[in-house]
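Below: one structure, written as structure tokens.
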Protein chains: 2
Amino acid sequence: MSFDPASLTYNDAGLIPAIAQDRDGTVLMLAWMNAESVTRTLQTGRVTYWSRSRAAFWVKGESSGHVQRLVEMRVDCDRDCLLVIVEQTGPACHTNRRSCFYTAIRDGAEVEIMAPEPD
Amino acid sequence: MSFDPASLTYNDAGLIPAIAQDRDGTVLMLAWMNAESVTRTLQTGRVTYWSRSRAAFWVKGESSGHVQRLVEMRVDCDRDCLLVIVEQTGPACHTNRRSCFYTAIRDGAEVEIMAPEPD
């Protein structure tokens with residue numbers, strides 16, 4: 001069946017959450033896409049989100065160089081979430097850590113489990 | 001630093017997306033939590049979402065038996081997304097597949113990459 005980005009379920013703002021996972025299994029980040037982001041990501045192979053704060057397309061790594069090359073896009077059973085398997089160049093997080101999920105909750109406390117990478 | 005669920009950033013509906021990942025690295029599903037879901041998940045060790053369709057707490061697997069035991073909860077850099085590492089009993093998806101992300105987009109077409117597990 002051919003894939004149509006319009007067939008996905010978007011929220012009231014026209015957005016769908018996209019989980020980025022490195023091909024080694026590490027969950028890197030979650031960001032949002034609109035239908036045009038989905039189309040551009042598939043067409044260009046460069047993961048392209050919609051920045052809610054800037055209200056603009058966000059070609060991941062365009063300014064930092066920390067690009068995400070699309071390996072595969074997957075859709076969930078409810079068609080309201082995406083999983084993008086990526087090849088990540090450099091750290092995915094704007095704090096220079098490999099993943100945005102660097103804070104664990106252990107015994108009721110926040111513990112940093114990942115250090116920033118050297119520049 | 002001690003962790004307070006109220007310190008997370010929730011959307012207008014009071015919810016935060018939670019990505020469930022099996023400890024082997026497989027991304028299983030994305031669902032939503034409110035602050036009380038976060039508290040209950042940490043206190044009980046049973047992953048507890050908020051069902052938007054039923055407007056009720058959703059102790060994953062309560063009816064199906066396909067429970068998620070919490071291994072570790074992680075918070076992202078913006079504090080507006082959670083990653084829950086889980087030990088999943090049985091399939092995570094209501095379609096009886098291990099993961100909800102069983103549809104891949106390949107060459108512009110939808111391809112089913114995961115079969116339902118036998119009952």
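Letters A, B, ... mark the chains of the structure tokens in the order given; residue numbers begin at 1 per chain; ligand numbers begin at 1, in order shown.
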- 10 Å contact set for stretch 93-106 of chain B, only C-alpha atoms, chain neighbours under 4 positions out, as an MDAnalysis selection string: (chainID A and resid 1:4 42 71:79 81:84) or (chainID B and resid 20:22 26:30 61 64 66 88:89 110:119)
- Using DSSP on the backbone coordinates, identify all residues within stretch 4-117 of chain A classified as alpha helix (DSSP H); present the result as a VMD selection string. chain A and resid 35 to 44
- Closest of B:Leu15, B:Ala31, B:Val47, B:Ala56 to chain A - atom-to-atom distances counting only C-alpha atoms: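 So, comparing all the options, the nearest one is B:Ala31.
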- Pick from A:Asp80, A:Asp107, A:Glu62, A:Glu87, whichever lies nearest to A:Asp12 using only C-alpha atoms: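 Between A:Asp80, A:Asp107, A:Glu62, A:Glu87, the residue approaching A:Asp12 most closely is A:Asp80.
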- Query: Excluding same-chain residues fewer than 4 positions from A:Thr48, what lies within 10 Å of it counting only C-alpha atoms, as a count of residues only?
  - Reply: 22
- Item | Atom pair atom CA of A:Arg23 / atom CA of A:Ile85: separation (Å) |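 Atom-to-atom, atom CA of A:Arg23 and atom CA of A:Ile85 are spaced 5.9 Å apart.
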- So which bits of chain B end up strand (DSSP E) when you DSSP the backbone, as JSON, numbers by chain? {"B": [16, 17, 18, 19, 20, 21, 22, 27, 28, 29, 30, 31, 32, 33, 48, 49, 50, 51, 56, 57, 58, 59, 68, 69, 70, 71, 72, 73, 74, 75, 82, 83, 84, 85, 86, 87, 88, 103, 104, 105, 106, 109, 110, 111, 112]}
Generate the output file for the selected residues, C-alpha atoms, as an mmCIF file, in the first residue's frame.
data_model
loop_
_atom_site.group_PDB
_atom_site.id
_atom_site.type_symbol
_atom_site.label_atom_id
_atom_site.label_comp_id
_atom_site.auth_asym_id
_atom_site.auth_seq_id
_atom_site.Cartn_x
_atom_site.Cartn_y
_atom_site.Cartn_z
ATOM 1 C CA ILE B 16 3.470 14.319 28.846
ATOM 2 C CA PRO B 17 4.433 11.754 26.187
ATOM 3 C CA ALA B 18 6.167 8.618 27.478
ATOM 4 C CA ILE B 19 8.168 6.368 25.173
ATOM 5 C CA ALA B 20 8.334 2.756 26.346
ATOM 6 C CA GLN B 21 11.515 0.941 25.389
ATOM 7 C CA ASP B 22 12.263 -2.695 26.157
ATOM 8 C CA VAL B 27 10.910 0.834 21.094
ATOM 9 C CA LEU B 28 7.543 -0.626 22.039
ATOM 10 C CA MET B 29 5.018 2.215 22.094
ATOM 11 C CA LEU B 30 4.304 5.813 22.972
ATOM 12 C CA ALA B 31 1.528 6.748 25.372
ATOM 13 C CA TRP B 32 0.725 9.627 27.700
ATOM 14 C CA MET B 33 1.038 10.264 31.426
ATOM 15 C CA THR B 48 0.731 3.442 34.395
ATOM 16 C CA TYR B 49 -0.393 5.736 31.588
ATOM 17 C CA TRP B 50 -3.353 8.066 31.236
ATOM 18 C CA SER B 51 -5.766 6.799 28.614
ATOM 19 C CA ALA B 56 -8.785 7.101 33.066
ATOM 20 C CA PHE B 57 -5.578 5.684 34.491
ATOM 21 C CA TRP B 58 -4.296 2.819 32.390
ATOM 22 C CA VAL B 59 -2.173 0.311 34.240
ATOM 23 C CA GLN B 68 5.328 -3.382 31.851
ATOM 24 C CA ARG B 69 7.603 -3.521 34.848
ATOM 25 C CA LEU B 70 9.531 -0.288 35.213
ATOM 26 C CA VAL B 71 13.287 -0.691 34.963
ATOM 27 C CA GLU B 72 14.103 3.023 34.821
ATOM 28 C CA MET B 73 12.394 6.316 34.053
ATOM 29 C CA ARG B 74 14.348 9.027 32.255
ATOM 30 C CA VAL B 75 13.521 12.678 31.597
ATOM 31 C CA LEU B 82 9.760 10.687 29.315
ATOM 32 C CA LEU B 83 11.549 7.496 28.362
ATOM 33 C CA VAL B 84 10.536 4.459 30.371
ATOM 34 C CA ILE B 85 12.800 1.455 30.124
ATOM 35 C CA VAL B 86 10.627 -1.579 30.797
ATOM 36 C CA GLU B 87 10.530 -5.297 31.126
ATOM 37 C CA GLN B 88 7.586 -6.143 28.866
ATOM 38 C CA THR B 103 4.712 -0.670 9.777
ATOM 39 C CA ALA B 104 7.757 0.598 7.890
ATOM 40 C CA ILE B 105 7.765 3.025 4.984
ATOM 41 C CA ARG B 106 9.966 1.551 2.269
ATOM 42 C CA ALA B 109 4.992 1.971 0.449
ATOM 43 C CA GLU B 110 3.783 0.648 3.795
ATOM 44 C CA VAL B 111 5.373 -2.681 4.694
ATOM 45 C CA GLU B 112 4.418 -4.801 7.686
#
- Task: Would you please work out which residue, of B:Gly65, B:Pro91, B:Ala6, B:Asp24, is nearest to chain A when using only C-alpha atoms?
- Result: B:Asp24
